[in-house]
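A.B. asks: Quick one: the structure is below, and I'll ask about it shortly.
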Amino acid sequence: MELFDILLSVSFWAAAIRIASPLIFATMGELICERAGVLNLGIEGIMVAGAFAGWISVWAGMPLWFGVAVAMVVGMGFGLLHSILSVPFGLSQHVVGVGITLLATSVTFFTYRVALPEVSSPPKITAFAPVELPILSDIPLIGPALFHQTPLTYAAYVCVALTAWVLYRTPLGLAVRAAGENPSAVAAQGLSVTAIRMGAVIVGSGFMAVGGAFLTMSAFDSFFFEMVGGRGWICIALVVFGAWRPGKALFGAVLFAAFDALQIRLQQTGIGAAIPYQLFLMMPYILSILALVLMSRRAEVPAALMVPFSKGER
Amino acid sequence: MSTISQTRRSFLKTTAAGAAMAAALPSWALASGKPVKVAGIFTLPVEQQWISRIHLAAVAAQTRGDIEYTYSENTSNTDYPRVMREYAENGYDLIVGEIFGVEQEAREVIADYPNVAFLMGSSFKQDPALPNLSVFDNYIQDASYLSGIIAGAMSKSGNIGMVGGFPIPEVNRLMHAFMAGAREMNPNIKFQVAFIGSWFDPPKAKETAYAMIENGADMLYAERFGVSDAAKEKGVLAIGNVIDTQADYPNTVVASALWHFESTIDAAIAKVRDGKFTAEDYGVYSFMKEGGCSLAPYGTFEGKIPQAAVDLVNKRTAEIKSGAFTVEINDSEPKSA
């Protein structure tokens, strides 16, 4: 059975982790925003901006990790703009988010054209190369799949662990979660809901931008304008899939990526010739929707998600 | 400036003369010597392989002084008809672009501006009811066929991977021609075909190419960006499409089928200037006979391609140019086989 051959191959799982990595960063970013009560639909545009900013910095001669930092700072800049409009001004989070996406993609293309007016294929950089982690990569099947990846994928693992630890094990995380559940209680504690929410949106947007940068600095070594191609919107769904929990969201990202890696491979098998390719391309989405239906039954939506908070109002 | 300043009387005279001429010629007929005003409208940045061929041909025509050229890039399909109207209203003689995503709406705009010539990339044929619309597409199957001959000879495993964007006619026909060429050298060759559902997702194209290499492919048909990168990383070979990418992948890209848009746009410019622009299919100007396509120089692979393949390429090139051999045009969706 070809299906089992595919599922048992190391290269399949390695591909799944590679495909999942940008989604993991951006999903964690979105999750942080939403746990604090702010839906960030700027995610798609922020990923585009991050993909461009990281790549162009490296192309200009900066080290790779510096490029990642630049991407993060650019993402945080758009996060700051988003949070000013959505938190103290309390504007519609849908409108602000879509506006940020349109602004970020347009500013990116403008900057791209100013920086590279010559018409030729976009220049390439030396991207992150896979690094084998000693000992860990010797574990059969799991080892090479998980621990023979680029450093940016390892950073994605750290990002999940850090997000989970901060949210559930620190007073700061408690404050962030409370800001998304019951902001009045946070205010009663003498904490600033505005500051917490703005901080969450800014940090979350930084992670989204790193997710975008993964595409240009690890998955590929050049920037193309439409390459983010809806991955941001998938991450919005993955947060819901993960019931606003980092571990489950990580599982969702890997599951989605595995379906994607699987459909690529199934297209080349006997059934691939019989079934239209469009059905394969749909597969990750359809299966994710099915999983979403099953998973989200017991999901707890942050009670104050998309509810603006103004101090002293009841 | 005095040559263009005119009194009301002389204006009336020229208008009357113009009206008399217009009775004989379509109104886009221009006095010879005056550059044709050309506008390009593209849905992606002008770096994109396909668009870059049109853009560079227009730039070349402008450098020669035949046209005045301006363009809008990255125009989304939802904006496309509006931008067409803007250029048509602003006195452009010839508008070049691609209406694959807005076939119906674009034709409505074109019908509204019968005095403006439109040369558009389209999946459909010309329509006599729209005499100011000519269509084109990159009919470079001749060159794709020749690149297939080389691929067939260079693949040791007899397993070729092909990654495409969407199975639209222009992609399909080039894939079929490539496959026909490869089978000339090795009739038992196996093809893996996949479409990624996007024109611009190099990471996805690369992942798809990885999967094909794992599945035995040692030669890839790089219809999309990202495929040659996978080939380079895994040490297999690739064939380029539309543009020559060998400079970026000197030990990977063996040959490329190149598209030359010059013959297409030059024909359109001449017809606009002579007032002979009508509903036509410019696809033939992409044929090798017209100089619309060619095989890129072997470059770094000079001398590394089996002589039998080089001989067949030379023989077929001569036959295609003389008309003795015709590469089949097959627009149906290719399947793994």
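Residue names in the structure tokens use chain letters A, B, ... in the order shown, residue numbers from 1 in each chain, and ligand numbers from 1 in the order shown.
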Excluding same-chain residues fewer than 2 positions from range 144-152 of chain B, what lies within 9 Å of it counting only C-alpha atoms, as a PDB file with N, CA, C and O atoms, in the first residue's frame?
C.D. replies:
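Below is the file that was written, out_0.pdb:
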ATOM      1  N   ILE B 140       5.207  28.439 -27.567  1.00  0.00           N
ATOM      2  CA  ILE B 140       6.626  28.111 -27.780  1.00  0.00           C
ATOM      3  C   ILE B 140       6.845  26.602 -27.757  1.00  0.00           C
ATOM      4  O   ILE B 140       7.887  26.104 -27.356  1.00  0.00           O
ATOM      5  N   GLN B 141       5.799  25.865 -28.195  1.00  0.00           N
ATOM      6  CA  GLN B 141       5.909  24.402 -28.164  1.00  0.00           C
ATOM      7  C   GLN B 141       7.094  23.889 -28.977  1.00  0.00           C
ATOM      8  O   GLN B 141       7.657  22.841 -28.649  1.00  0.00           O
ATOM      9  N   ASP B 142       7.509  24.640 -30.009  1.00  0.00           N
ATOM     10  CA  ASP B 142       8.659  24.190 -30.815  1.00  0.00           C
ATOM     11  C   ASP B 142       9.902  24.075 -29.926  1.00  0.00           C
ATOM     12  O   ASP B 142      10.600  23.063 -29.930  1.00  0.00           O
ATOM     13  N   MET B 154      19.202  13.137 -21.323  1.00  0.00           N
ATOM     14  CA  MET B 154      20.013  13.361 -20.123  1.00  0.00           C
ATOM     15  C   MET B 154      19.492  12.623 -18.891  1.00  0.00           C
ATOM     16  O   MET B 154      20.205  12.482 -17.906  1.00  0.00           O
ATOM     17  N   SER B 155      18.224  12.199 -18.910  1.00  0.00           N
ATOM     18  CA  SER B 155      17.670  11.504 -17.748  1.00  0.00           C
ATOM     19  C   SER B 155      18.152  10.057 -17.744  1.00  0.00           C
ATOM     20  O   SER B 155      17.853   9.294 -18.653  1.00  0.00           O
ATOM     21  N   LYS B 156      18.917   9.682 -16.700  1.00  0.00           N
ATOM     22  CA  LYS B 156      19.427   8.310 -16.618  1.00  0.00           C
ATOM     23  C   LYS B 156      18.370   7.376 -16.071  1.00  0.00           C
ATOM     24  O   LYS B 156      18.268   6.228 -16.462  1.00  0.00           O
ATOM     25  N   GLY B 158      15.217   7.674 -16.438  1.00  0.00           N
ATOM     26  CA  GLY B 158      14.029   7.611 -17.289  1.00  0.00           C
ATOM     27  C   GLY B 158      12.786   8.068 -16.550  1.00  0.00           C
ATOM     28  O   GLY B 158      11.680   7.607 -16.813  1.00  0.00           O
ATOM     29  N   ASN B 159      12.986   8.988 -15.596  1.00  0.00           N
ATOM     30  CA  ASN B 159      11.876   9.451 -14.766  1.00  0.00           C
ATOM     31  C   ASN B 159      11.989  10.978 -14.672  1.00  0.00           C
ATOM     32  O   ASN B 159      12.955  11.499 -14.122  1.00  0.00           O
ATOM     33  N   ILE B 160      11.024  11.671 -15.243  1.00  0.00           N
ATOM     34  CA  ILE B 160      11.089  13.132 -15.301  1.00  0.00           C
ATOM     35  C   ILE B 160       9.935  13.727 -14.495  1.00  0.00           C
ATOM     36  O   ILE B 160       8.787  13.307 -14.638  1.00  0.00           O
ATOM     37  N   LEU B 174       2.849  23.279 -23.606  1.00  0.00           N
ATOM     38  CA  LEU B 174       4.308  23.212 -23.517  1.00  0.00           C
ATOM     39  C   LEU B 174       4.740  21.925 -22.848  1.00  0.00           C
ATOM     40  O   LEU B 174       5.748  21.321 -23.217  1.00  0.00           O
ATOM     41  N   MET B 175       3.975  21.492 -21.835  1.00  0.00           N
ATOM     42  CA  MET B 175       4.289  20.221 -21.182  1.00  0.00           C
ATOM     43  C   MET B 175       4.171  19.061 -22.165  1.00  0.00           C
ATOM     44  O   MET B 175       5.037  18.195 -22.227  1.00  0.00           O
ATOM     45  N   HIS B 176       3.094  19.062 -22.962  1.00  0.00           N
ATOM     46  CA  HIS B 176       2.905  17.981 -23.940  1.00  0.00           C
ATOM     47  C   HIS B 176       4.030  17.965 -24.974  1.00  0.00           C
ATOM     48  O   HIS B 176       4.533  16.904 -25.336  1.00  0.00           O
ATOM     49  N   ALA B 177       4.422  19.159 -25.444  1.00  0.00           N
ATOM     50  CA  ALA B 177       5.491  19.222 -26.442  1.00  0.00           C
ATOM     51  C   ALA B 177       6.797  18.712 -25.840  1.00  0.00           C
ATOM     52  O   ALA B 177       7.543  17.959 -26.476  1.00  0.00           O
ATOM     53  N   PHE B 178       7.045  19.122 -24.571  1.00  0.00           N
ATOM     54  CA  PHE B 178       8.249  18.672 -23.873  1.00  0.00           C
ATOM     55  C   PHE B 178       8.249  17.140 -23.755  1.00  0.00           C
ATOM     56  O   PHE B 178       9.255  16.476 -24.018  1.00  0.00           O
ATOM     57  N   MET B 179       7.087  16.585 -23.382  1.00  0.00           N
ATOM     58  CA  MET B 179       6.988  15.130 -23.221  1.00  0.00           C
ATOM     59  C   MET B 179       7.197  14.417 -24.553  1.00  0.00           C
ATOM     60  O   MET B 179       7.878  13.376 -24.613  1.00  0.00           O
ATOM     61  N   ALA B 180       6.643  14.995 -25.625  1.00  0.00           N
ATOM     62  CA  ALA B 180       6.809  14.380 -26.948  1.00  0.00           C
ATOM     63  C   ALA B 180       8.294  14.363 -27.326  1.00  0.00           C
ATOM     64  O   ALA B 180       8.802  13.367 -27.861  1.00  0.00           O
ATOM     65  N   GLY B 181       8.987  15.451 -27.012  1.00  0.00           N
ATOM     66  CA  GLY B 181      10.417  15.523 -27.316  1.00  0.00           C
ATOM     67  C   GLY B 181      11.206  14.497 -26.526  1.00  0.00           C
ATOM     68  O   GLY B 181      12.079  13.796 -27.069  1.00  0.00           O
ATOM     69  N   ALA B 182      10.887  14.371 -25.234  1.00  0.00           N
ATOM     70  CA  ALA B 182      11.609  13.421 -24.382  1.00  0.00           C
ATOM     71  C   ALA B 182      11.402  11.991 -24.868  1.00  0.00           C
ATOM     72  O   ALA B 182      12.318  11.173 -24.840  1.00  0.00           O
ATOM     73  N   ARG B 183      10.183  11.706 -25.339  1.00  0.00           N
ATOM     74  CA  ARG B 183       9.888  10.341 -25.811  1.00  0.00           C
ATOM     75  C   ARG B 183      10.641  10.011 -27.095  1.00  0.00           C
ATOM     76  O   ARG B 183      10.852   8.840 -27.408  1.00  0.00           O
ATOM     77  N   GLU B 184      11.039  11.034 -27.841  1.00  0.00           N
ATOM     78  CA  GLU B 184      11.850  10.793 -29.048  1.00  0.00           C
ATOM     79  C   GLU B 184      13.141  10.067 -28.683  1.00  0.00           C
ATOM     80  O   GLU B 184      13.624   9.225 -29.433  1.00  0.00           O
ATOM     81  N   MET B 185      13.711  10.445 -27.533  1.00  0.00           N
ATOM     82  CA  MET B 185      14.980   9.854 -27.128  1.00  0.00           C
ATOM     83  C   MET B 185      14.788   8.581 -26.330  1.00  0.00           C
ATOM     84  O   MET B 185      15.653   7.719 -26.295  1.00  0.00           O
ATOM     85  N   ASN B 186      13.667   8.496 -25.593  1.00  0.00           N
ATOM     86  CA  ASN B 186      13.428   7.356 -24.720  1.00  0.00           C
ATOM     87  C   ASN B 186      11.927   7.108 -24.628  1.00  0.00           C
ATOM     88  O   ASN B 186      11.233   7.731 -23.835  1.00  0.00           O
ATOM     89  N   PRO B 187      11.423   6.180 -25.480  1.00  0.00           N
ATOM     90  CA  PRO B 187       9.966   5.992 -25.540  1.00  0.00           C
ATOM     91  C   PRO B 187       9.365   5.458 -24.241  1.00  0.00           C
ATOM     92  O   PRO B 187       8.160   5.578 -24.029  1.00  0.00           O
ATOM     93  N   ILE B 189       9.952   6.504 -21.207  1.00  0.00           N
ATOM     94  CA  ILE B 189      10.161   7.436 -20.101  1.00  0.00           C
ATOM     95  C   ILE B 189       8.889   7.602 -19.267  1.00  0.00           C
ATOM     96  O   ILE B 189       7.776   7.515 -19.768  1.00  0.00           O
ATOM     97  N   MET B 219      15.400  14.378 -13.485  1.00  0.00           N
ATOM     98  CA  MET B 219      15.320  15.512 -14.410  1.00  0.00           C
ATOM     99  C   MET B 219      13.990  16.205 -14.130  1.00  0.00           C
ATOM    100  O   MET B 219      12.958  15.545 -14.018  1.00  0.00           O
ATOM    101  N   LEU B 220      14.019  17.536 -13.972  1.00  0.00           N
ATOM    102  CA  LEU B 220      12.792  18.257 -13.655  1.00  0.00           C
ATOM    103  C   LEU B 220      12.504  19.291 -14.734  1.00  0.00           C
ATOM    104  O   LEU B 220      13.410  19.934 -15.263  1.00  0.00           O
ATOM    105  N   TYR B 221      11.224  19.451 -15.044  1.00  0.00           N
ATOM    106  CA  TYR B 221      10.779  20.485 -15.964  1.00  0.00           C
ATOM    107  C   TYR B 221      10.359  21.663 -15.096  1.00  0.00           C
ATOM    108  O   TYR B 221       9.368  21.592 -14.373  1.00  0.00           O
ATOM    109  N   LEU B 237      19.041  17.318 -12.476  1.00  0.00           N
ATOM    110  CA  LEU B 237      19.067  18.323 -13.534  1.00  0.00           C
ATOM    111  C   LEU B 237      17.687  18.940 -13.753  1.00  0.00           C
ATOM    112  O   LEU B 237      16.678  18.414 -13.288  1.00  0.00           O
ATOM    113  N   ALA B 238      17.674  20.055 -14.465  1.00  0.00           N
ATOM    114  CA  ALA B 238      16.401  20.721 -14.735  1.00  0.00           C
ATOM    115  C   ALA B 238      16.432  21.368 -16.118  1.00  0.00           C
ATOM    116  O   ALA B 238      17.499  21.636 -16.672  1.00  0.00           O
ATOM    117  N   ILE B 239      15.222  21.569 -16.659  1.00  0.00           N
ATOM    118  CA  ILE B 239      15.045  22.264 -17.934  1.00  0.00           C
ATOM    119  C   ILE B 239      14.257  23.533 -17.660  1.00  0.00           C
ATOM    120  O   ILE B 239      13.228  23.494 -16.985  1.00  0.00           O
ATOM    121  N   GLY B 240      14.746  24.655 -18.155  1.00  0.00           N
ATOM    122  CA  GLY B 240      14.076  25.934 -17.919  1.00  0.00           C
ATOM    123  C   GLY B 240      12.973  26.201 -18.932  1.00  0.00           C
ATOM    124  O   GLY B 240      12.915  25.584 -19.986  1.00  0.00           O
ATOM    125  N   ASN B 241      12.122  27.138 -18.592  1.00  0.00           N
ATOM    126  CA  ASN B 241      10.970  27.446 -19.412  1.00  0.00           C
ATOM    127  C   ASN B 241      10.778  28.959 -19.502  1.00  0.00           C
ATOM    128  O   ASN B 241      10.812  29.632 -18.482  1.00  0.00           O
ATOM    129  N   VAL B 254      20.059  22.455 -17.742  1.00  0.00           N
ATOM    130  CA  VAL B 254      20.748  21.968 -18.939  1.00  0.00           C
ATOM    131  C   VAL B 254      20.405  22.832 -20.147  1.00  0.00           C
ATOM    132  O   VAL B 254      21.270  23.221 -20.925  1.00  0.00           O
ATOM    133  N   ALA B 255      19.118  23.098 -20.306  1.00  0.00           N
ATOM    134  CA  ALA B 255      18.653  23.859 -21.464  1.00  0.00           C
ATOM    135  C   ALA B 255      17.373  24.570 -21.078  1.00  0.00           C
ATOM    136  O   ALA B 255      16.715  24.206 -20.100  1.00  0.00           O
ATOM    137  N   SER B 256      17.030  25.602 -21.819  1.00  0.00           N
ATOM    138  CA  SER B 256      15.788  26.325 -21.559  1.00  0.00           C
ATOM    139  C   SER B 256      15.099  26.630 -22.876  1.00  0.00           C
ATOM    140  O   SER B 256      15.748  26.934 -23.870  1.00  0.00           O
ATOM    141  N   ALA B 257      13.754  26.534 -22.853  1.00  0.00           N
ATOM    142  CA  ALA B 257      12.954  26.944 -24.015  1.00  0.00           C
ATOM    143  C   ALA B 257      12.625  28.412 -23.816  1.00  0.00           C
ATOM    144  O   ALA B 257      11.973  28.775 -22.840  1.00  0.00           O
ATOM    145  N   LEU B 258      13.118  29.262 -24.717  1.00  0.00           N
ATOM    146  CA  LEU B 258      12.935  30.700 -24.533  1.00  0.00           C
ATOM    147  C   LEU B 258      11.780  31.227 -25.385  1.00  0.00           C
ATOM    148  O   LEU B 258      11.564  30.785 -26.506  1.00  0.00           O
ATOM    149  N   SER B 294      13.058  29.969 -29.078  1.00  0.00           N
ATOM    150  CA  SER B 294      14.316  29.298 -29.423  1.00  0.00           C
ATOM    151  C   SER B 294      14.790  28.500 -28.221  1.00  0.00           C
ATOM    152  O   SER B 294      14.285  28.671 -27.113  1.00  0.00           O
ATOM    153  N   LEU B 295      15.759  27.658 -28.480  1.00  0.00           N
ATOM    154  CA  LEU B 295      16.393  26.928 -27.398  1.00  0.00           C
ATOM    155  C   LEU B 295      17.579  27.770 -26.934  1.00  0.00           C
ATOM    156  O   LEU B 295      18.361  28.245 -27.756  1.00  0.00           O
ATOM    157  N   ILE B 305      26.033  17.079 -23.416  1.00  0.00           N
ATOM    158  CA  ILE B 305      24.772  16.494 -23.871  1.00  0.00           C
ATOM    159  C   ILE B 305      25.110  15.429 -24.921  1.00  0.00           C
ATOM    160  O   ILE B 305      25.936  15.681 -25.808  1.00  0.00           O
ATOM    161  N   PRO B 306      24.502  14.242 -24.836  1.00  0.00           N
ATOM    162  CA  PRO B 306      24.802  13.187 -25.811  1.00  0.00           C
ATOM    163  C   PRO B 306      24.666  13.692 -27.248  1.00  0.00           C
ATOM    164  O   PRO B 306      23.722  14.421 -27.565  1.00  0.00           O
ATOM    165  N   ALA B 309      21.391  13.408 -29.186  1.00  0.00           N
ATOM    166  CA  ALA B 309      20.347  14.386 -28.867  1.00  0.00           C
ATOM    167  C   ALA B 309      20.632  15.710 -29.568  1.00  0.00           C
ATOM    168  O   ALA B 309      19.726  16.321 -30.151  1.00  0.00           O
ATOM    169  N   VAL B 310      21.897  16.134 -29.538  1.00  0.00           N
ATOM    170  CA  VAL B 310      22.259  17.396 -30.198  1.00  0.00           C
ATOM    171  C   VAL B 310      21.954  17.312 -31.693  1.00  0.00           C
ATOM    172  O   VAL B 310      21.394  18.250 -32.278  1.00  0.00           O
ATOM    173  N   LEU B 312      19.744  15.385 -33.176  1.00  0.00           N
ATOM    174  CA  LEU B 312      18.295  15.391 -33.418  1.00  0.00           C
ATOM    175  C   LEU B 312      17.739  16.806 -33.243  1.00  0.00           C
ATOM    176  O   LEU B 312      16.874  17.241 -34.016  1.00  0.00           O
ATOM    177  N   VAL B 313      18.236  17.523 -32.236  1.00  0.00           N
ATOM    178  CA  VAL B 313      17.787  18.910 -32.020  1.00  0.00           C
ATOM    179  C   VAL B 313      18.087  19.743 -33.260  1.00  0.00           C
ATOM    180  O   VAL B 313      17.220  20.472 -33.760  1.00  0.00           O
ATOM    181  N   ASN B 314      19.295  19.591 -33.793  1.00  0.00           N
ATOM    182  CA  ASN B 314      19.663  20.369 -34.983  1.00  0.00           C
ATOM    183  C   ASN B 314      18.805  20.007 -36.186  1.00  0.00           C
ATOM    184  O   ASN B 314      18.354  20.869 -36.937  1.00  0.00           O
ATOM    185  N   ARG B 316      15.733  18.617 -36.150  1.00  0.00           N
ATOM    186  CA  ARG B 316      14.358  19.076 -35.963  1.00  0.00           C
ATOM    187  C   ARG B 316      14.243  20.598 -36.089  1.00  0.00           C
ATOM    188  O   ARG B 316      13.248  21.105 -36.607  1.00  0.00           O
ATOM    189  N   THR B 317      15.265  21.316 -35.585  1.00  0.00           N
ATOM    190  CA  THR B 317      15.232  22.776 -35.700  1.00  0.00           C
ATOM    191  C   THR B 317      15.101  23.174 -37.164  1.00  0.00           C
ATOM    192  O   THR B 317      14.263  24.008 -37.526  1.00  0.00           O
ATOM    193  N   VAL B 327       5.331  20.567 -34.546  1.00  0.00           N
ATOM    194  CA  VAL B 327       5.126  20.058 -33.188  1.00  0.00           C
ATOM    195  C   VAL B 327       3.639  20.125 -32.880  1.00  0.00           C
ATOM    196  O   VAL B 327       2.982  21.142 -33.112  1.00  0.00           O
TER     197      VAL B 327
END
A.B. asks: May I have the residues of chain B within 10 Å of chain A, counting only C-alpha atoms, written as an MDAnalysis selection string?
C.D. replies: chainID B and resid 44:49 52 55:56 74 161 166:167 191:212 214:215 225:226 229:230 243 245 248 333:337
A.B. asks: Would you mind telling me which residue in B:Phe301, B:Tyr285, B:Phe42, B:Tyr139 lies nearest to Met120 in chain B when using only C-alpha atoms?
C.D. replies: B:Phe42
A.B. asks: For Leu167 in chain A, please output as a list in words all residues within 8 Å (counting only C-alpha atoms; exclusion window: fewer than 6 positions along the same chain).
C.D. replies: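 My reading of the contact set: Gly173, Leu174, Val176 and Arg177 of chain A.
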A.B. asks: Take the residues just selected and output them with N, CA and C atoms as an mmCIF file, in the first residue's frame.
C.D. replies:
data_model
loop_
_atom_site.group_PDB
_atom_site.id
_atom_site.type_symbol
_atom_site.label_atom_id
_atom_site.label_comp_id
_atom_site.auth_asym_id
_atom_site.auth_seq_id
_atom_site.Cartn_x
_atom_site.Cartn_y
_atom_site.Cartn_z
ATOM 1 N N GLY A 173 1.555 36.081 31.700
ATOM 2 C CA GLY A 173 0.640 35.272 30.898
ATOM 3 C C GLY A 173 -0.765 35.291 31.473
ATOM 4 N N LEU A 174 -0.835 35.247 32.784
ATOM 5 C CA LEU A 174 -2.136 35.301 33.445
ATOM 6 C C LEU A 174 -2.839 36.618 33.099
ATOM 7 N N VAL A 176 -2.310 38.461 30.463
ATOM 8 C CA VAL A 176 -2.705 38.461 29.049
ATOM 9 C C VAL A 176 -4.002 37.679 28.868
ATOM 10 N N ARG A 177 -4.051 36.481 29.469
ATOM 11 C CA ARG A 177 -5.258 35.663 29.322
ATOM 12 C C ARG A 177 -6.467 36.366 29.933
#
A.B. asks: Identify all residues of range 96-272 of chain B in alpha helix (DSSP H) (DSSP on the backbone) and supply them as a PyMOL selection string.
C.D. replies: chain B and resi 103-112+141-154+169-185+202-214+227-234+262-272
A.B. asks: Write out as a PyMOL selection string the residues lying within 9 Å of Val73 in chain A, counting only C-alpha atoms and excluding same-chain residues fewer than 5 positions away.
C.D. replies: chain A and resi 50+68+78+206+209
A.B. asks: For the residues selected in the previous step, produce a file with all heavy atoms as a CSV table (one decimal), in the first residue's frame.
C.D. replies:
chain,number,residue,atom,x,y,z
A,50,GLY,N,7.2,40.8,6.6
A,50,GLY,CA,8.3,40.1,7.3
A,50,GLY,C,9.2,39.3,6.3
A,50,GLY,O,10.4,39.3,6.4
A,68,VAL,N,16.4,38.1,10.5
A,68,VAL,CA,15.2,37.6,11.3
A,68,VAL,C,14.7,38.7,12.3
A,68,VAL,O,13.5,39.0,12.4
A,68,VAL,CB,15.5,36.3,12.0
A,68,VAL,CG1,14.3,35.9,12.9
A,68,VAL,CG2,15.9,35.2,11.1
A,78,PHE,N,4.1,47.2,12.5
A,78,PHE,CA,2.7,47.1,12.0
A,78,PHE,C,1.8,46.7,13.2
A,78,PHE,O,0.6,47.1,13.2
A,78,PHE,CB,2.6,46.1,10.9
A,78,PHE,CG,3.1,46.6,9.5
A,78,PHE,CD1,4.3,46.2,9.0
A,78,PHE,CD2,2.4,47.6,8.9
A,78,PHE,CE1,4.7,46.7,7.8
A,78,PHE,CE2,2.8,48.1,7.7
A,78,PHE,CZ,4.0,47.7,7.1
A,206,GLY,N,5.1,40.5,15.7
A,206,GLY,CA,6.5,40.2,15.5
A,206,GLY,C,6.7,38.7,15.1
A,206,GLY,O,7.5,38.4,14.1
A,209,ALA,N,5.6,38.0,11.5
A,209,ALA,CA,6.6,38.5,10.5
A,209,ALA,C,7.7,37.5,10.4
A,209,ALA,O,8.3,37.2,9.3
A,209,ALA,CB,7.2,39.9,10.9
A.B. asks: At a cut-off of 7 Å, using only C-alpha atoms, what residues contact Trp244 in chain A? Leave out same-chain residues fewer than 3 positions from it and give the result as a list in words.
C.D. replies: Leu31, Arg35, Val239 and Val240 of chain A
A.B. asks: What does the structure give for the distance between CA of Ile139 in chain A and CA of Tyr157 in chain A, in Å to one decimal?
C.D. replies: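 For CA of Ile139 in chain A relative to CA of Tyr157 in chain A, the distance reads 17.4 Å.
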A.B. asks: Write out as a ChimeraX atom specification the residues lying within 10 Å of Val74 in chain A, counting only C-alpha atoms and excluding same-chain residues fewer than 6 positions away.
C.D. replies: /A:46-47,49-50,52-54,68,80,104,205-206,209-210
A.B. asks: Take the residues from that selection and put them in a file with C-alpha atoms, as a PDB file, in the first residue's frame.
C.D. replies:
ATOM      1  CA  ILE A  46       2.526  41.327   8.205  1.00  0.00           C
ATOM      2  CA  MET A  47       3.855  37.999   6.909  1.00  0.00           C
ATOM      3  CA  ALA A  49       6.286  42.479   5.101  1.00  0.00           C
ATOM      4  CA  GLY A  50       8.336  40.113   7.278  1.00  0.00           C
ATOM      5  CA  PHE A  52      10.476  40.958   2.439  1.00  0.00           C
ATOM      6  CA  ALA A  53      12.210  42.727   5.332  1.00  0.00           C
ATOM      7  CA  GLY A  54      14.209  39.693   6.424  1.00  0.00           C
ATOM      8  CA  VAL A  68      15.183  37.625  11.287  1.00  0.00           C
ATOM      9  CA  LEU A  80       1.986  48.830  17.003  1.00  0.00           C
ATOM     10  CA  ALA A 104       1.601  46.094   4.618  1.00  0.00           C
ATOM     11  CA  SER A 205       2.794  40.592  15.049  1.00  0.00           C
ATOM     12  CA  GLY A 206       6.549  40.171  15.462  1.00  0.00           C
ATOM     13  CA  ALA A 209       6.610  38.488  10.534  1.00  0.00           C
ATOM     14  CA  VAL A 210       9.182  35.825  11.435  1.00  0.00           C
TER      15      VAL A 210
END
A.B. asks: Find the residues near Ile289 in chain A: any atom within 12 Å, counting only C-alpha atoms, skip ones fewer than 5 places away on the same chain, and give them as a short mmCIF file (atom, residue, chain, number, x, y, z; two decimals) with C-alpha atoms, in the first residue's frame.
C.D. replies:
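Saved file part-v1.cif follows:
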data_model
loop_
_atom_site.label_atom_id
_atom_site.label_comp_id
_atom_site.auth_asym_id
_atom_site.auth_seq_id
_atom_site.Cartn_x
_atom_site.Cartn_y
_atom_site.Cartn_z
CA ILE A 234 -4.77 29.46 7.43
CA ALA A 237 -8.15 28.97 11.33
CA LEU A 238 -5.38 27.06 13.10
CA VAL A 240 -9.51 28.19 16.31
CA PHE A 241 -8.54 24.60 15.54
CA GLY A 252 -2.99 21.61 14.00
CA LEU A 255 -1.43 18.12 10.78
CA PHE A 256 -2.28 20.65 8.07
CA MET A 282 -8.21 20.86 -1.49
CA MET A 283 -7.31 17.97 0.76
CA PRO A 284 -5.48 19.83 3.53
CA LEU A 294 -14.45 17.73 15.82
CA MET A 295 -11.85 19.68 17.78
CA SER A 296 -13.76 22.89 18.36
#
A.B. asks: For a test of reading the model, state the distance in Å between CA of Asn77 in chain B and CA of Thr27 in chain A, rounded to one decimal.
C.D. replies: 29.3 Å
